[in-house]
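Dropping model22.pdb in here (PDB, C-alpha atoms and all ligand atoms):
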```pdb
MODEL        1
ATOM      1  CA  MET A   1      95.217  51.334  91.077
ATOM      2  CA  GLU A   2      94.679  50.949  94.761
ATOM      3  CA  GLY A   3      95.918  52.445  98.001
ATOM      4  CA  ILE A   4      97.521  50.072 100.468
ATOM      5  CA  TYR A   5      95.525  50.861 103.565
ATOM      6  CA  VAL A   6      92.026  50.626 104.998
ATOM      7  CA  LYS A   7      91.210  47.503 103.077
ATOM      8  CA  ASN A   8      93.823  45.663 105.082
ATOM      9  CA  ARG A   9      94.199  46.905 108.635
ATOM     10  CA  ASN A  10      97.316  44.787 109.094
ATOM     11  CA  GLU A  11      99.040  47.098 106.688
ATOM     12  CA  ALA A  12     102.337  48.546 107.819
ATOM     13  CA  LEU A  13     103.005  52.276 108.107
ATOM     14  CA  SER A  14     106.356  54.025 108.469
ATOM     15  CA  LEU A  15     106.549  57.435 110.105
ATOM     16  CA  LEU A  16     109.440  59.643 109.068
ATOM     17  CA  GLY A  17     110.047  63.162 110.406
ATOM     18  CA  VAL A  18     111.725  65.918 108.405
ATOM     19  CA  PRO A  19     112.527  68.832 110.755
ATOM     20  CA  MET A  20     113.036  71.271 107.908
ATOM     21  CA  ASP A  21     112.598  75.030 108.245
ATOM     22  CA  LEU A  22     115.079  76.241 105.627
ATOM     23  CA  GLY A  23     112.349  76.395 102.981
ATOM     24  CA  ALA A  24     110.263  78.763 105.095
ATOM     25  CA  ASP A  25     113.265  80.788 106.345
ATOM     26  CA  ARG A  26     111.606  80.912 109.737
ATOM     27  CA  ARG A  27     112.241  78.863 112.891
ATOM     28  CA  GLY A  28     109.612  76.737 114.588
ATOM     29  CA  VAL A  29     108.333  74.584 111.762
ATOM     30  CA  ASP A  30     111.411  72.379 112.332
ATOM     31  CA  MET A  31     109.640  71.313 115.525
ATOM     32  CA  GLY A  32     106.596  70.130 113.573
ATOM     33  CA  PRO A  33     107.533  66.420 113.708
ATOM     34  CA  SER A  34     107.975  66.606 117.509
ATOM     35  CA  ALA A  35     104.652  68.402 117.932
ATOM     36  CA  ILE A  36     102.846  65.787 115.847
ATOM     37  CA  ARG A  37     104.519  62.965 117.782
ATOM     38  CA  TYR A  38     103.606  64.696 121.051
ATOM     39  CA  ALA A  39     100.006  64.632 119.823
ATOM     40  CA  ALA A  40     100.393  60.824 119.857
ATOM     41  CA  VAL A  41     100.368  60.100 116.153
ATOM     42  CA  LYS A  42     101.841  56.620 116.569
ATOM     43  CA  GLU A  43      99.519  55.535 119.379
ATOM     44  CA  ARG A  44      96.470  56.905 117.552
ATOM     45  CA  LEU A  45      97.382  54.869 114.469
ATOM     46  CA  ASP A  46      98.184  51.769 116.561
ATOM     47  CA  ASP A  47      94.630  52.113 117.892
ATOM     48  CA  LEU A  48      93.283  51.767 114.366
ATOM     49  CA  GLY A  49      94.993  48.396 114.054
ATOM     50  CA  TYR A  50      97.972  49.321 111.900
ATOM     51  CA  GLU A  51     101.498  48.088 112.429
ATOM     52  CA  VAL A  52     103.345  51.391 112.840
ATOM     53  CA  GLU A  53     107.106  51.966 112.987
ATOM     54  CA  ASP A  54     108.670  55.356 113.676
ATOM     55  CA  LEU A  55     111.927  55.792 111.771
ATOM     56  CA  GLY A  56     112.749  59.039 113.598
ATOM     57  CA  ASN A  57     113.927  62.158 111.817
ATOM     58  CA  ILE A  58     116.091  62.871 108.820
ATOM     59  CA  GLN A  59     119.059  65.072 109.698
ATOM     60  CA  VAL A  60     118.476  68.700 108.601
ATOM     61  CA  PRO A  61     121.130  71.452 108.833
ATOM     62  CA  THR A  62     120.439  74.379 111.203
ATOM     63  CA  PRO A  63     119.976  77.711 109.399
ATOM     64  CA  GLU A  64     122.264  79.521 111.856
ATOM     65  CA  SER A  65     125.218  77.471 110.587
ATOM     66  CA  TYR A  66     124.648  78.301 106.924
ATOM     67  CA  THR A  67     124.166  81.326 104.714
ATOM     68  CA  VAL A  68     121.027  81.929 102.694
ATOM     69  CA  GLY A  69     123.055  81.772  99.465
ATOM     70  CA  HIS A  70     120.884  82.567  96.464
ATOM     71  CA  GLN A  71     118.316  85.264  97.450
ATOM     72  CA  GLN A  72     115.624  83.872  95.142
ATOM     73  CA  LEU A  73     116.281  80.269  96.237
ATOM     74  CA  LYS A  74     117.217  80.475  99.891
ATOM     75  CA  TYR A  75     119.259  77.522 101.215
ATOM     76  CA  LEU A  76     119.139  75.802  97.820
ATOM     77  CA  ARG A  77     122.177  73.613  98.561
ATOM     78  CA  GLU A  78     121.026  72.439 101.958
ATOM     79  CA  ILE A  79     117.445  71.821 100.804
ATOM     80  CA  THR A  80     118.738  69.881  97.810
ATOM     81  CA  SER A  81     120.835  67.545  99.957
ATOM     82  CA  VAL A  82     118.004  66.896 102.437
ATOM     83  CA  SER A  83     115.609  66.236  99.542
ATOM     84  CA  VAL A  84     117.966  63.683  97.994
ATOM     85  CA  GLU A  85     118.170  61.840 101.325
ATOM     86  CA  LEU A  86     114.408  62.030 101.850
ATOM     87  CA  ALA A  87     113.720  60.680  98.359
ATOM     88  CA  ASP A  88     115.953  57.669  99.106
ATOM     89  CA  GLN A  89     114.286  57.008 102.443
ATOM     90  CA  VAL A  90     110.748  57.244 101.024
ATOM     91  CA  SER A  91     111.737  54.928  98.235
ATOM     92  CA  ASN A  92     113.241  52.451 100.747
ATOM     93  CA  ILE A  93     110.035  52.469 102.786
ATOM     94  CA  LYS A  94     108.082  51.596  99.645
ATOM     95  CA  ASP A  95     110.613  48.905  98.709
ATOM     96  CA  ARG A  96     109.782  47.286 102.040
ATOM     97  CA  GLY A  97     106.081  47.294 101.103
ATOM     98  CA  ARG A  98     105.173  49.891 103.694
ATOM     99  CA  PHE A  99     103.223  53.149 103.499
ATOM    100  CA  PRO A 100     105.393  56.303 103.918
ATOM    101  CA  LEU A 101     103.790  58.860 106.232
ATOM    102  CA  ILE A 102     106.052  61.915 106.287
ATOM    103  CA  LEU A 103     105.859  64.537 109.037
ATOM    104  CA  GLY A 104     107.053  68.090 108.277
ATOM    105  CA  GLY A 105     108.736  70.420 108.389
ATOM    106  CA  ASP A 106     108.061  73.109 105.843
ATOM    107  CA  HIS A 107     106.472  72.270 102.509
ATOM    108  CA  SER A 108     109.792  72.152 100.625
ATOM    109  CA  ILE A 109     110.024  68.547 101.883
ATOM    110  CA  ALA A 110     107.417  67.575  99.269
ATOM    111  CA  ILE A 111     110.221  67.818  96.694
ATOM    112  CA  GLY A 112     111.946  64.818  98.287
ATOM    113  CA  SER A 113     108.903  62.795  99.231
ATOM    114  CA  ILE A 114     107.359  63.087  95.765
ATOM    115  CA  ALA A 115     110.740  62.229  94.209
ATOM    116  CA  GLY A 116     110.899  59.068  96.328
ATOM    117  CA  ALA A 117     107.310  58.015  95.689
ATOM    118  CA  ALA A 118     107.638  58.725  91.954
ATOM    119  CA  ARG A 119     110.282  55.983  91.673
ATOM    120  CA  HIS A 120     107.519  53.513  92.471
ATOM    121  CA  HIS A 121     104.669  55.285  90.704
ATOM    122  CA  ARG A 122     105.720  56.533  87.273
ATOM    123  CA  ASN A 123     102.227  57.928  86.669
ATOM    124  CA  MET A 124     101.465  59.364  90.047
ATOM    125  CA  GLY A 125      98.584  61.662  90.948
ATOM    126  CA  VAL A 126      99.068  64.402  93.546
ATOM    127  CA  ILE A 127      96.502  66.054  95.837
ATOM    128  CA  TRP A 128      97.805  69.377  97.159
ATOM    129  CA  PHE A 129      95.735  70.560 100.119
ATOM    130  CA  ASP A 130      96.886  74.151 100.745
ATOM    131  CA  ALA A 131      95.995  77.845 100.994
ATOM    132  CA  HIS A 132      98.809  78.362  98.488
ATOM    133  CA  GLY A 133      99.745  76.952  95.090
ATOM    134  CA  ASP A 134     103.437  76.414  95.881
ATOM    135  CA  LEU A 135     103.934  76.876  92.157
ATOM    136  CA  ASN A 136     106.555  79.617  92.229
ATOM    137  CA  THR A 137     109.961  79.571  90.558
ATOM    138  CA  GLU A 138     113.049  81.657  91.174
ATOM    139  CA  GLU A 139     111.628  84.135  88.654
ATOM    140  CA  THR A 140     108.177  84.498  90.234
ATOM    141  CA  THR A 141     108.825  84.009  93.977
ATOM    142  CA  PRO A 142     107.898  87.009  96.152
ATOM    143  CA  SER A 143     109.935  85.653  99.096
ATOM    144  CA  GLY A 144     112.771  83.474  97.800
ATOM    145  CA  ASN A 145     111.438  80.719 100.063
ATOM    146  CA  ILE A 146     111.581  77.280  98.509
ATOM    147  CA  HIS A 147     108.471  76.091 100.412
ATOM    148  CA  GLY A 148     106.560  78.222  97.869
ATOM    149  CA  MET A 149     107.955  76.120  94.978
ATOM    150  CA  PRO A 150     107.630  72.335  95.555
ATOM    151  CA  LEU A 151     104.604  71.707  93.332
ATOM    152  CA  ALA A 152     106.262  73.527  90.419
ATOM    153  CA  VAL A 153     109.456  71.520  91.018
ATOM    154  CA  SER A 154     107.506  68.242  90.978
ATOM    155  CA  LEU A 155     105.991  69.277  87.644
ATOM    156  CA  GLY A 156     109.528  69.735  86.303
ATOM    157  CA  ILE A 157     109.567  73.536  86.564
ATOM    158  CA  GLY A 158     112.305  75.288  88.538
ATOM    159  CA  HIS A 159     116.008  75.137  89.318
ATOM    160  CA  PRO A 160     117.623  72.025  87.799
ATOM    161  CA  ASP A 161     119.211  71.050  91.149
ATOM    162  CA  LEU A 162     115.687  70.644  92.559
ATOM    163  CA  VAL A 163     113.887  69.393  89.461
ATOM    164  CA  GLU A 164     116.439  66.613  88.845
ATOM    165  CA  ILE A 165     116.346  65.169  92.369
ATOM    166  CA  GLY A 166     115.696  61.441  92.243
ATOM    167  CA  GLY A 167     116.612  61.248  88.568
ATOM    168  CA  ILE A 168     113.037  61.213  87.249
ATOM    169  CA  TYR A 169     111.591  64.447  85.918
ATOM    170  CA  PRO A 170     108.966  65.649  85.666
ATOM    171  CA  LYS A 171     107.676  63.540  88.554
ATOM    172  CA  VAL A 172     104.026  64.292  87.866
ATOM    173  CA  LYS A 173     101.967  65.559  84.960
ATOM    174  CA  PRO A 174      99.735  68.644  85.262
ATOM    175  CA  ASP A 175      96.659  66.544  84.355
ATOM    176  CA  HIS A 176      97.165  64.406  87.452
ATOM    177  CA  VAL A 177      97.469  67.256  89.977
ATOM    178  CA  VAL A 178      94.646  68.809  91.999
ATOM    179  CA  VAL A 179      95.047  71.767  94.371
ATOM    180  CA  ILE A 180      92.377  72.113  97.085
ATOM    181  CA  GLY A 181      91.759  75.138  99.327
ATOM    182  CA  ALA A 182      93.696  77.795  97.408
ATOM    183  CA  ARG A 183      93.056  81.390  98.422
ATOM    184  CA  ASP A 184      96.460  83.054  98.032
ATOM    185  CA  LEU A 185      98.018  82.597  94.589
ATOM    186  CA  ASP A 186     100.821  84.857  93.367
ATOM    187  CA  PRO A 187     100.503  86.338  89.836
ATOM    188  CA  GLY A 188     103.142  83.985  88.388
ATOM    189  CA  GLU A 189     101.367  81.001  89.940
ATOM    190  CA  GLN A 190      98.027  82.031  88.428
ATOM    191  CA  GLU A 191      99.685  82.257  85.034
ATOM    192  CA  LEU A 192     101.269  78.810  85.389
ATOM    193  CA  ILE A 193      97.948  77.281  86.495
ATOM    194  CA  ARG A 194      96.250  78.639  83.358
ATOM    195  CA  GLU A 195      99.105  77.683  81.084
ATOM    196  CA  LEU A 196      99.297  74.077  82.317
ATOM    197  CA  GLY A 197      95.555  73.689  82.945
ATOM    198  CA  ILE A 198      96.065  72.502  86.541
ATOM    199  CA  LYS A 199      92.794  71.788  88.355
ATOM    200  CA  VAL A 200      92.490  74.120  91.347
ATOM    201  CA  TYR A 201      89.540  74.119  93.742
ATOM    202  CA  THR A 202      89.684  77.544  95.367
ATOM    203  CA  MET A 203      87.718  78.375  98.509
ATOM    204  CA  TYR A 204      85.112  79.840  96.149
ATOM    205  CA  ASP A 205      84.728  76.447  94.467
ATOM    206  CA  ILE A 206      84.536  74.647  97.812
ATOM    207  CA  ASP A 207      81.819  77.066  98.974
ATOM    208  CA  ARG A 208      79.876  76.661  95.724
ATOM    209  CA  LEU A 209      80.194  72.907  95.203
ATOM    210  CA  GLY A 210      80.630  71.598  98.723
ATOM    211  CA  MET A 211      83.536  69.421  99.822
ATOM    212  CA  ALA A 212      81.799  66.150  98.925
ATOM    213  CA  GLN A 213      81.591  67.057  95.247
ATOM    214  CA  VAL A 214      85.064  68.599  95.230
ATOM    215  CA  MET A 215      86.499  65.321  96.537
ATOM    216  CA  GLU A 216      84.458  63.179  94.171
ATOM    217  CA  GLU A 217      85.865  65.143  91.223
ATOM    218  CA  THR A 218      89.366  65.214  92.727
ATOM    219  CA  ILE A 219      89.455  61.454  93.220
ATOM    220  CA  SER A 220      88.375  60.866  89.659
ATOM    221  CA  ILE A 221      91.062  63.257  88.305
ATOM    222  CA  VAL A 222      93.951  61.862  90.353
ATOM    223  CA  SER A 223      93.045  58.227  89.786
ATOM    224  CA  ASN A 224      92.375  58.460  86.063
ATOM    225  CA  GLY A 225      95.347  56.817  84.339
ATOM    226  CA  THR A 226      97.574  56.901  87.410
ATOM    227  CA  ASP A 227      99.283  54.132  89.376
ATOM    228  CA  GLY A 228      99.409  55.829  92.783
ATOM    229  CA  VAL A 229      98.407  59.054  94.552
ATOM    230  CA  HIS A 230     100.468  61.214  96.898
ATOM    231  CA  LEU A 231      98.621  63.409  99.414
ATOM    232  CA  SER A 232     100.528  66.572 100.333
ATOM    233  CA  LEU A 233      98.633  68.330 103.101
ATOM    234  CA  ASP A 234      99.724  71.776 104.282
ATOM    235  CA  LEU A 235      97.982  72.606 107.571
ATOM    236  CA  ASP A 236      97.557  76.204 106.395
ATOM    237  CA  GLY A 237      94.875  74.872 104.054
ATOM    238  CA  MET A 238      92.683  74.776 107.143
ATOM    239  CA  ASP A 239      91.278  77.987 108.581
ATOM    240  CA  PRO A 240      93.815  79.687 110.897
ATOM    241  CA  ASN A 241      91.113  80.039 113.561
ATOM    242  CA  GLU A 242      91.202  76.267 113.874
ATOM    243  CA  SER A 243      94.840  75.643 112.911
ATOM    244  CA  PRO A 244      96.787  78.724 114.065
ATOM    245  CA  GLY A 245     100.201  77.028 114.260
ATOM    246  CA  VAL A 246     101.386  77.773 110.705
ATOM    247  CA  GLY A 247     103.924  80.264 109.354
ATOM    248  CA  THR A 248     101.899  81.654 106.454
ATOM    249  CA  PRO A 249      98.258  81.768 107.644
ATOM    250  CA  VAL A 250      95.552  82.952 105.248
ATOM    251  CA  PRO A 251      92.027  83.651 106.557
ATOM    252  CA  GLY A 252      88.976  81.969 105.087
ATOM    253  CA  GLY A 253      90.228  78.407 104.954
ATOM    254  CA  MET A 254      88.726  74.957 105.152
ATOM    255  CA  THR A 255      86.971  74.105 108.375
ATOM    256  CA  TYR A 256      87.771  71.174 110.635
ATOM    257  CA  ARG A 257      84.651  69.441 109.293
ATOM    258  CA  GLU A 258      85.394  70.051 105.621
ATOM    259  CA  SER A 259      88.972  68.869 106.049
ATOM    260  CA  HIS A 260      87.811  65.697 107.801
ATOM    261  CA  LEU A 261      85.250  64.941 105.156
ATOM    262  CA  ALA A 262      87.970  65.292 102.529
ATOM    263  CA  MET A 263      90.145  62.757 104.391
ATOM    264  CA  GLU A 264      87.230  60.373 104.987
ATOM    265  CA  LEU A 265      86.339  60.363 101.311
ATOM    266  CA  LEU A 266      89.970  59.642 100.422
ATOM    267  CA  ALA A 267      89.946  56.747 102.878
ATOM    268  CA  GLU A 268      86.796  55.322 101.312
ATOM    269  CA  ALA A 269      88.236  55.637  97.822
ATOM    270  CA  GLN A 270      91.436  53.793  98.872
ATOM    271  CA  VAL A 271      93.603  55.724  96.474
ATOM    272  CA  ILE A 272      96.382  57.260  98.571
ATOM    273  CA  THR A 273      99.772  55.505  98.357
ATOM    274  CA  SER A 274     101.939  58.017 100.294
ATOM    275  CA  ALA A 275     101.250  61.151 102.340
ATOM    276  CA  GLU A 276     102.851  64.057 104.136
ATOM    277  CA  PHE A 277     101.522  66.550 106.691
ATOM    278  CA  VAL A 278     103.511  69.788 106.721
ATOM    279  CA  GLU A 279     103.931  73.332 108.016
ATOM    280  CA  VAL A 280     102.951  72.619 111.651
ATOM    281  CA  ASN A 281     104.759  75.313 113.696
ATOM    282  CA  PRO A 282     104.307  74.760 117.448
ATOM    283  CA  ILE A 283     105.883  78.140 118.329
ATOM    284  CA  LEU A 284     102.970  79.878 116.637
ATOM    285  CA  ASP A 285     100.369  77.395 117.851
ATOM    286  CA  SER A 286      98.090  77.485 120.824
ATOM    287  CA  GLY A 287      98.090  74.350 122.964
ATOM    288  CA  ASN A 288      99.465  72.192 120.121
ATOM    289  CA  LYS A 289      96.062  72.497 118.438
ATOM    290  CA  THR A 290      97.423  72.386 114.908
ATOM    291  CA  ALA A 291      99.466  69.228 115.527
ATOM    292  CA  LYS A 292      96.386  67.630 117.119
ATOM    293  CA  ASN A 293      94.369  68.539 114.023
ATOM    294  CA  ALA A 294      97.086  66.962 111.883
ATOM    295  CA  VAL A 295      96.781  63.731 113.879
ATOM    296  CA  GLU A 296      92.981  63.725 113.581
ATOM    297  CA  LEU A 297      93.234  64.248 109.815
ATOM    298  CA  ILE A 298      95.822  61.465 109.599
ATOM    299  CA  ARG A 299      93.448  59.149 111.451
ATOM    300  CA  SER A 300      90.619  60.018 109.079
ATOM    301  CA  VAL A 301      92.688  59.387 105.991
ATOM    302  CA  PHE A 302      93.609  56.001 107.460
ATOM    303  CA  GLY A 303      89.989  55.065 107.849
ATOM    304  CA  ALA A 304      89.034  56.044 111.420
ATOM    305  CA  LYS A 305      85.271  55.875 111.854
ATOM    306  CA  THR A 306      83.025  56.865 114.741
ATOM    307  CA  LEU A 307      80.775  53.872 114.263
TER
HETATM  308  N1  LIG B   1     104.115  76.030 101.800
HETATM  309  C1  LIG B   1     103.759  77.262 102.074
HETATM  310  N2  LIG B   1     103.245  77.581 103.229
HETATM  311  N3  LIG B   1     103.960  78.157 101.114
HETATM  312  C2  LIG B   1     103.726  79.565 101.269
HETATM  313  C3  LIG B   1     104.195  80.294 100.064
HETATM  314  C4  LIG B   1     103.887  81.766 100.158
HETATM  315  C5  LIG B   1     104.211  82.543  98.892
HETATM  316  N4  LIG B   1     103.362  82.134  97.807
HETATM  317  C6  LIG B   1     105.670  82.374  98.516
HETATM  318  O1  LIG B   1     105.971  81.779  97.508
HETATM  319  O2  LIG B   1     106.530  82.841  99.213
HETATM  320 MN    MN B   2     100.484  76.874 102.385
HETATM  321 MN    MN B   3     102.255  74.677 101.046
ENDMDL
END
```
Would you encode the structure as structure tokens?
Ligand SMILES: NC(=[NH2+])NCCC[C@H](N)C(=O)O
Ligand SMILES: [Mn+2]
Ligand SMILES: [Mn+2]
Amino acid sequence: MEGIYVKNRNEALSLLGVPMDLGADRRGVDMGPSAIRYAAVKERLDDLGYEVEDLGNIQVPTPESYTVGHQQLKYLREITSVSVELADQVSNIKDRGRFPLILGGDHSIAIGSIAGAARHHRNMGVIWFDAHGDLNTEETTPSGNIHGMPLAVSLGIGHPDLVEIGGIYPKVKPDHVVVIGARDLDPGEQELIRELGIKVYTMYDIDRLGMAQVMEETISIVSNGTDGVHLSLDLDGMDPNESPGVGTPVPGGMTYRESHLAMELLAEAQVITSAEFVEVNPILDSGNKTAKNAVELIRSVFGAKTL
């Protein structure tokens, strides 16, 4: 198994924005793709020698025009239809031999991007960089917000409308999933993690082992017996002092340096076959700092080196 970038700098990347905020039930994160583009994501990847196309944004309904619907699964219908479209677009990008780089939007978009990537990688690994587990279901959710559920959905757990998106389910197996940076797990999520034996590196583990070892172990877990790896990076995994522009900040997160090292080690390992960067909320940000961090992390994962 092998990622499609770094080795070959002529490789083609496709940027796709998903201005979704329905999964967070809070405005601002819909402007994430614009904020990341404003931070010059395309130009900064051009500089690395990639052929980059920007496909623009997927159309997402505005919350003001819809009702929440189900209280435990807010905007289920609208999120389902966007996810179906996103899955198709990600799959089309891969059909064209290009690398899908998805810009969020709240984390519910992972449902669609993983569904699309899973069509091409039937044994896909997933790295979930996040303060949260995003392993809730309609029974365990404290908020009813679907952005707290996409990892569970990808594992085949949750509302059938979400789980069945893309026609393949489960999309990933618990043995091939690693969560990095967790420091806020709801009781139901903790139970599910134990039950399924999902590997979670909490902030405690990162402090004890160091990021280098965490990534070495992570890479070996997600590449063992898999045919591709999706990176799902929630900017709230980073410390809110450094990345304040997120809707659900949790203190005590990964530093700028730790996050970069993680991306650099992924670049060296050449394992990532699709990626998304989510939860950037420019309304809550200061000076577009969080979007700029996203762009720097994107550059690192695509092999940027100082020397
Ligand atoms: N992608 C995120 N930022 N998720 C935050 C989820 C917060 C909380 N665990 C919930 O389910 O509501
Ligand atoms: Mn999060
Ligand atoms: Mn998340």
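With only C-alpha atoms as the atoms that count, the residue of A:His159, A:Arg299, A:Arg27, A:His230 with the shortest distance to Pro100 of chain A is A:His230.
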Problem set entry | Nearby residues, ligand MN 3 (chain B), 12 Å, only C-alpha atoms and all ligand atoms, as number ranges by chain | A: 23-24, 104-111, 127-136, 145-152, 179-185, 231-238, 246-250, 276-280
List every protein, DNA or RNA residue that has an atom no more than 7 Å from (106.2, 75.1, 113.7) in the file's coordinate frame, counting all atoms listed in the file, and report them as a JSON list (two decimals) with C-alpha atoms, in the coordinates of the input.
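See part27.json below for the written result:
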```json
[["chain", "number", "residue", "atom", "x", "y", "z"],
["A", 28, "GLY", "CA", 109.61, 76.74, 114.59],
["A", 29, "VAL", "CA", 108.33, 74.58, 111.76],
["A", 30, "ASP", "CA", 111.41, 72.38, 112.33],
["A", 31, "MET", "CA", 109.64, 71.31, 115.52],
["A", 32, "GLY", "CA", 106.60, 70.13, 113.57],
["A", 245, "GLY", "CA", 100.20, 77.03, 114.26],
["A", 246, "VAL", "CA", 101.39, 77.77, 110.70],
["A", 279, "GLU", "CA", 103.93, 73.33, 108.02],
["A", 280, "VAL", "CA", 102.95, 72.62, 111.65],
["A", 281, "ASN", "CA", 104.76, 75.31, 113.70],
["A", 282, "PRO", "CA", 104.31, 74.76, 117.45],
["A", 283, "ILE", "CA", 105.88, 78.14, 118.33],
["A", 284, "LEU", "CA", 102.97, 79.88, 116.64]]
```
Tell me, as a compact mmCIF listing (two decimals) with C-alpha atoms, in the coordinates of the input, which residues lie within 9 Å of Gly303 of chain A, counting all atoms listed in the file; anything in the same chain fewer than 4 positions away does not count.
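Just written: out_32.txt:
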```txt
# COMPACT_ATOMS: atom_id res chain seq x y z
CA TYR A 5 95.52 50.86 103.56
CA VAL A 6 92.03 50.63 105.00
CA LEU A 48 93.28 51.77 114.37
CA MET A 263 90.14 62.76 104.39
CA GLU A 264 87.23 60.37 104.99
CA LEU A 266 89.97 59.64 100.42
CA ALA A 267 89.95 56.75 102.88
CA GLU A 268 86.80 55.32 101.31
CA ILE A 298 95.82 61.46 109.60
CA ARG A 299 93.45 59.15 111.45
```
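For the pair atom CA of Leu22 of chain A and atom CA of Val52 of chain A, the interatomic distance is 28.4 Å.
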Exercise. Smallest atom-to-atom distance to ligand LIG 1 (chain B): which of A:Glu43, A:Gln190, A:Asn57, A:Lys94, using only C-alpha atoms and all ligand atoms?
Worked result: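 Under the stated criterion, the closest residue is A:Gln190.
A straight line drawn from atom CA of Leu103 of chain A to atom CA of Leu192 of chain A is 28.0 Å long.
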Exercise. Hey, which of A:Ser300, A:Pro160, A:Gly253, A:Gly287 ends up closest to ligand MN 2 (chain B)? Count only C-alpha atoms and all ligand atoms.
Worked result: A:Gly253
Seminar exercise, completed: Using all atoms listed in the file, the shortest atom-to-atom distance to Ile168 of chain A among A:Leu297, A:Ile272, A:Ala117, A:Leu15 belongs to A:Ala117
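Atom CA of Ile165 of chain A to atom CA of Pro19 of chain A spans 19.1 Å [interatomic distance, one decimal].
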Problem set entry | Residues within 7 Å of Ile36 of chain A, all atoms listed in the file, excluding chain neighbours under 3 positions, as a PyMOL selection string | chain A and resi 32-33+39-41+291-292+295
Now that the selection is made, can you save its residues with C-alpha atoms as a PDB file, in the frame of the given file?
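Once written, again.pdb looks like this:
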```pdb
ATOM      1  CA  GLY A  32     106.596  70.130 113.573  1.00  0.00           C
ATOM      2  CA  PRO A  33     107.533  66.420 113.708  1.00  0.00           C
ATOM      3  CA  ALA A  39     100.006  64.632 119.823  1.00  0.00           C
ATOM      4  CA  ALA A  40     100.393  60.824 119.857  1.00  0.00           C
ATOM      5  CA  VAL A  41     100.368  60.100 116.153  1.00  0.00           C
ATOM      6  CA  ALA A 291      99.466  69.228 115.527  1.00  0.00           C
ATOM      7  CA  LYS A 292      96.386  67.630 117.119  1.00  0.00           C
ATOM      8  CA  VAL A 295      96.781  63.731 113.879  1.00  0.00           C
TER       9      VAL A 295
END
```
Box centre and edge lengths (Å, one decimal), axis-aligned, ligand LIG 1 (chain B) plus 8 Å each side, as lines of an AutoDock Vina configuration file:
```
center_x = 104.9
center_y = 79.4
center_z = 100.4
size_x = 19.3
size_y = 22.8
size_z = 21.7
```
